[in-house]
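This report refers to the structure that appears directly beneath it.
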Amino acid sequence: MKRNFNLRTCALILTACFTLVIVWNLKERMSEQTLEYLLRHRHIKRKDAAEVRWSHAVNSRSRLTEALTGPTHMIEADIIMRSYDPKEPIMAHPPDTDSDITLREWLEGVKAHNKGIKLDFKSLEAVPPSVILLEEVLAEASRPVWINADVLSGPGGQATPLQPQAFLSAVTALPTHTVLSLGWTTGWTAGTENPGYSWDMVHAMEEICRTLKHPVTFPVRAALLAQSFSQLTWLLQQSDRYTLTVWTKQNDSVTLQDLLPYRKEFDMRRIYYDLPDSLRTELSVTSHDSN
């Protein structure tokens, strides 16, 4: 009887350990799903987020055709509600109020291609109807789908962020393979000392994301990286679900030296570089040559 009890106990312990290993592996893989998809379709050669190429402001029919037939892997577009009837989600960036393509048409165009998408919401009004369209049109579980919004005020940010809990309430019903791209409003001025992401900012963001089931990427402005290394390091260390997406604006001052500490410190699967191709390629080559 005692021997049977011990065998049952051992079996339960082994089952629990096996379950933990599976859960942990799934947790680790959540942040790699985009890279796995692109690797499987031979868009990239290795699980290196610096190899991912981006299209921006794909907010028209012509820009969508260009992006779908071009060399980029992730297609980014902005979503607002049309300002007049029929009111529906359209692809446009404020101050524009209209577009020649709706979100429904945009998603239908994407369906026939194996590229990832990143949808940037500029208003809460557009989120619920867009989520319904996403569930209808992109039901397959494998395509990378990133949902982006600025939900907190960040360094130098003047724009009003979307209310985080309202935004998350509208998008967390999406499948758990959906990547939530949650950022801060930011500003940057040449010739001045621009502040970085503060401890209060990263702590507030982590508190929002702590209980989410989705992988989360934090879009961070490249020109603010050098003064934010400790804070962003801490943020990435809080969960294997977290990644960074480094981005820049046209007139920002960004050097390779600003980027290299992040490239050297972190797993290359955990930081995406939404940068001009020349800088992104230089970063990838330099860091691989140094290894």
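Labels for the structure tokens follow display order: chains A, B, ..., residues from 1 in each chain, ligands from 1.
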
Please produce, as CSV, a per-residue contact table for segment 166-218 of chain A versus segment 222-241 of chain A (criterion: any atom at most 9 Å away, only C-alpha atoms considered), showing the nearest atom pair and its distance in Å to one decimal, sorted by chain then residue number.
residue,atom,partner,partner_atom,distance
A:Trp188,CA,A:Ala223,CA,7.6
A:Asn194,CA,A:Leu224,CA,7.3
A:Pro195,CA,A:Gln227,CA,7.1
A:Gly196,CA,A:Ser228,CA,5.1
A:Tyr197,CA,A:Ser228,CA,5.4
A:Ser198,CA,A:Gln231,CA,6.7
A:Trp199,CA,A:Gln231,CA,5.9
A:Met201,CA,A:Gln231,CA,8.8
A:Val202,CA,A:Leu235,CA,6.3
A:His203,CA,A:Leu235,CA,7.7
A:Met205,CA,A:Leu235,CA,8.6
A:Glu206,CA,A:Leu235,CA,6.8
A:Arg210,CA,A:Ser239,CA,8.2
A:Lys213,CA,A:Arg241,CA,8.7
A:His214,CA,A:Arg241,CA,7.4
A:Pro215,CA,A:Arg241,CA,4.7
A:Val216,CA,A:Arg241,CA,6.0
A:Thr217,CA,A:Arg241,CA,8.2

Store the residues picked out above, limited to C-alpha atoms, as a compact mmCIF listing (two decimals), in the first residue's frame.
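Final output, saved to result.txt:
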# COMPACT_ATOMS: atom_id res chain seq x y z
CA TRP A 188 12.27 65.05 -29.33
CA ASN A 194 15.94 65.34 -24.21
CA PRO A 195 14.86 63.27 -21.20
CA GLY A 196 14.59 59.50 -21.50
CA TYR A 197 11.98 57.04 -20.27
CA SER A 198 11.80 57.54 -16.50
CA TRP A 199 11.41 54.93 -13.77
CA MET A 201 7.04 55.60 -16.85
CA VAL A 202 8.35 52.04 -17.07
CA HIS A 203 6.83 51.08 -13.70
CA MET A 205 3.68 50.47 -18.10
CA GLU A 206 4.67 47.22 -16.41
CA ARG A 210 1.64 42.45 -15.80
CA LYS A 213 -2.03 37.02 -21.54
CA HIS A 214 -0.70 38.36 -24.84
CA PRO A 215 2.90 38.99 -25.87
CA VAL A 216 3.68 42.69 -25.51
CA THR A 217 6.16 44.83 -27.42

Near Glu125 of chain A, within 9 Å and counting only C-alpha atoms, which residues show up once chain neighbours fewer than 3 positions away are dropped, as a PDB file with N, CA, C and O atoms, in the first residue's frame?
ATOM      1  N   ILE A  80      -8.369  55.234 -38.206  1.00  0.00           N
ATOM      2  CA  ILE A  80      -9.271  56.192 -37.575  1.00  0.00           C
ATOM      3  C   ILE A  80     -10.696  55.855 -38.038  1.00  0.00           C
ATOM      4  O   ILE A  80     -10.892  55.021 -38.922  1.00  0.00           O
ATOM      5  N   MET A  81     -11.674  56.499 -37.441  1.00  0.00           N
ATOM      6  CA  MET A  81     -13.053  56.388 -37.929  1.00  0.00           C
ATOM      7  C   MET A  81     -13.292  57.482 -38.960  1.00  0.00           C
ATOM      8  O   MET A  81     -12.891  58.634 -38.760  1.00  0.00           O
ATOM      9  N   PRO A  89     -14.168  52.121 -39.818  1.00  0.00           N
ATOM     10  CA  PRO A  89     -12.712  52.261 -39.711  1.00  0.00           C
ATOM     11  C   PRO A  89     -12.074  52.390 -41.092  1.00  0.00           C
ATOM     12  O   PRO A  89     -12.359  51.606 -41.998  1.00  0.00           O
ATOM     13  N   LYS A 122      -5.462  55.437 -33.629  1.00  0.00           N
ATOM     14  CA  LYS A 122      -5.335  56.839 -33.270  1.00  0.00           C
ATOM     15  C   LYS A 122      -6.530  57.349 -32.464  1.00  0.00           C
ATOM     16  O   LYS A 122      -6.521  58.497 -32.022  1.00  0.00           O
ATOM     17  N   PRO A 128     -13.327  49.111 -31.224  1.00  0.00           N
ATOM     18  CA  PRO A 128     -14.293  47.992 -31.213  1.00  0.00           C
ATOM     19  C   PRO A 128     -14.712  47.505 -32.598  1.00  0.00           C
ATOM     20  O   PRO A 128     -14.677  46.288 -32.844  1.00  0.00           O
ATOM     21  N   PRO A 129     -15.093  48.386 -33.550  1.00  0.00           N
ATOM     22  CA  PRO A 129     -15.460  47.859 -34.869  1.00  0.00           C
ATOM     23  C   PRO A 129     -14.279  47.242 -35.608  1.00  0.00           C
ATOM     24  O   PRO A 129     -14.460  46.314 -36.406  1.00  0.00           O
TER      25      PRO A 129
END

*Enumerate as a PyMOL selection string all residues of segment 57-252 of chain A assigned to helix (DSSP H, G or I) by DSSP on the backbone, naming them with the chain letters and numbers the document uses.*
chain A and resi 61-69+103-111+124-137+164-171+199-209+222-224+226-237

*Show which residues sit within 12 Å of Pro161 of chain A, as a ChimeraX atom specification. Count only C-alpha atoms, and ignore same-chain residues fewer than 3 positions away.*
/A:121-124,148-154,157-158,164-167,182-186

*DSSP on the backbone: what in segment 125-279 of chain A comes out strand (DSSP E or B), as number ranges by chain?*
A: 145-153, 156, 179-186, 216-221, 242-247, 271-274

Could I get the residues of segment 199-246 of chain A with an atom no further than 10 Å from an atom of segment 272-282 of chain A, each paired with its nearest atom pair and that distance in Å to one decimal, using only C-alpha atoms, sorted by chain and residue number, as a tab-separated table?
residue	atom	partner	partner_atom	distance
A:Thr217	CA	A:Tyr272	CA	8.9
A:Phe218	CA	A:Tyr272	CA	9.8
A:Pro219	CA	A:Tyr272	CA	9.0
A:Val220	CA	A:Tyr273	CA	9.8
A:Arg221	CA	A:Asp274	CA	9.8
A:Ala222	CA	A:Leu275	CA	8.6
A:Thr243	CA	A:Tyr272	CA	7.7
A:Leu244	CA	A:Tyr272	CA	6.1
A:Thr245	CA	A:Tyr272	CA	4.5
A:Val246	CA	A:Tyr273	CA	4.8

*Grab the atom CA of Gln250 of chain A to atom CA of Leu180 of chain A distance for me, in Å with one decimal place.*
24.5 Å

*Fewer than 5 positions away in the same chain doesn't count, so skip those; otherwise give me all residues within 9 Å of Val52 of chain A, counting only C-alpha atoms, as an NGL selection string.*
:A and (35 or 38 or 43-44 or 72-74 or 272-274)

Once you have the residues from the selection above, write them out as a compact mmCIF listing (two decimals), in the first residue's frame, restricted to C-alpha atoms.
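Result file again-v6.txt:
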# COMPACT_ATOMS: atom_id res chain seq x y z
CA LEU A 35 10.02 35.51 -35.94
CA LEU A 38 8.77 34.89 -40.91
CA HIS A 43 11.47 35.94 -45.15
CA ILE A 44 14.36 35.93 -42.68
CA THR A 72 9.21 44.30 -46.36
CA HIS A 73 7.93 41.74 -43.86
CA MET A 74 5.67 43.80 -41.57
CA TYR A 272 12.96 44.76 -33.21
CA TYR A 273 14.48 47.68 -35.11
CA ASP A 274 11.93 49.66 -37.11

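Separating atom CA of Thr65 of chain A from atom CA of Trp146 of chain A is a distance of 19.8 Å.
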
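Close contacts of Lys47 of chain A, defined as residues with an atom at most 10 Å away when counting only C-alpha atoms, with chain neighbours fewer than 3 positions off set aside, comprise Glu32, Thr34, Leu35, Glu36, Tyr37, Leu38, Leu39, Ile44, Ala50, Glu51, Val52, Asp267, Met268, Arg269 and Arg270 of chain A.
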
Could you turn the residues from that selection into a file that holds N, CA, C and O atoms, as a short mmCIF file (atom, residue, chain, number, x, y, z; two decimals), in the first residue's frame?
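So part-v4.cif came out as:
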data_model
loop_
_atom_site.label_atom_id
_atom_site.label_comp_id
_atom_site.auth_asym_id
_atom_site.auth_seq_id
_atom_site.Cartn_x
_atom_site.Cartn_y
_atom_site.Cartn_z
N GLU A 32 8.34 34.98 -29.57
CA GLU A 32 9.06 34.59 -30.78
C GLU A 32 8.12 34.24 -31.94
O GLU A 32 8.59 33.88 -33.03
N THR A 34 6.28 35.90 -34.03
CA THR A 34 6.46 36.66 -35.27
C THR A 34 7.69 36.17 -36.03
O THR A 34 7.64 35.95 -37.24
N LEU A 35 8.79 35.97 -35.30
CA LEU A 35 10.02 35.51 -35.94
C LEU A 35 9.85 34.09 -36.50
O LEU A 35 10.35 33.78 -37.58
N GLU A 36 9.16 33.24 -35.76
CA GLU A 36 8.94 31.88 -36.23
C GLU A 36 8.15 31.87 -37.54
O GLU A 36 8.44 31.10 -38.46
N TYR A 37 7.14 32.73 -37.62
CA TYR A 37 6.33 32.81 -38.85
C TYR A 37 7.19 33.28 -40.02
O TYR A 37 7.15 32.69 -41.11
N LEU A 38 7.96 34.34 -39.83
CA LEU A 38 8.77 34.89 -40.91
C LEU A 38 9.88 33.92 -41.32
O LEU A 38 10.22 33.83 -42.51
N LEU A 39 10.40 33.19 -40.35
CA LEU A 39 11.42 32.19 -40.66
C LEU A 39 10.81 31.04 -41.45
O LEU A 39 11.40 30.55 -42.43
N ILE A 44 13.12 35.66 -43.40
CA ILE A 44 14.36 35.93 -42.68
C ILE A 44 15.16 34.63 -42.59
O ILE A 44 14.61 33.54 -42.77
N ALA A 50 16.34 41.94 -35.79
CA ALA A 50 16.90 43.02 -36.59
C ALA A 50 16.77 42.76 -38.08
O ALA A 50 16.96 43.67 -38.90
N GLU A 51 16.46 41.53 -38.48
CA GLU A 51 16.30 41.20 -39.90
C GLU A 51 14.92 41.59 -40.43
O GLU A 51 14.70 41.62 -41.64
N VAL A 52 13.99 41.89 -39.54
CA VAL A 52 12.62 42.21 -39.95
C VAL A 52 12.57 43.61 -40.55
O VAL A 52 13.05 44.58 -39.96
N ASP A 267 19.06 39.32 -25.91
CA ASP A 267 18.84 38.29 -26.91
C ASP A 267 18.33 38.96 -28.19
O ASP A 267 17.43 39.79 -28.15
N MET A 268 18.92 38.60 -29.34
CA MET A 268 18.57 39.25 -30.59
C MET A 268 17.13 38.99 -31.01
O MET A 268 16.61 39.63 -31.93
N ARG A 269 16.44 38.06 -30.35
CA ARG A 269 15.04 37.80 -30.64
C ARG A 269 14.11 38.78 -29.94
O ARG A 269 12.91 38.78 -30.22
N ARG A 270 14.64 39.62 -29.05
CA ARG A 270 13.77 40.41 -28.19
C ARG A 270 13.75 41.91 -28.50
O ARG A 270 13.04 42.65 -27.82
#
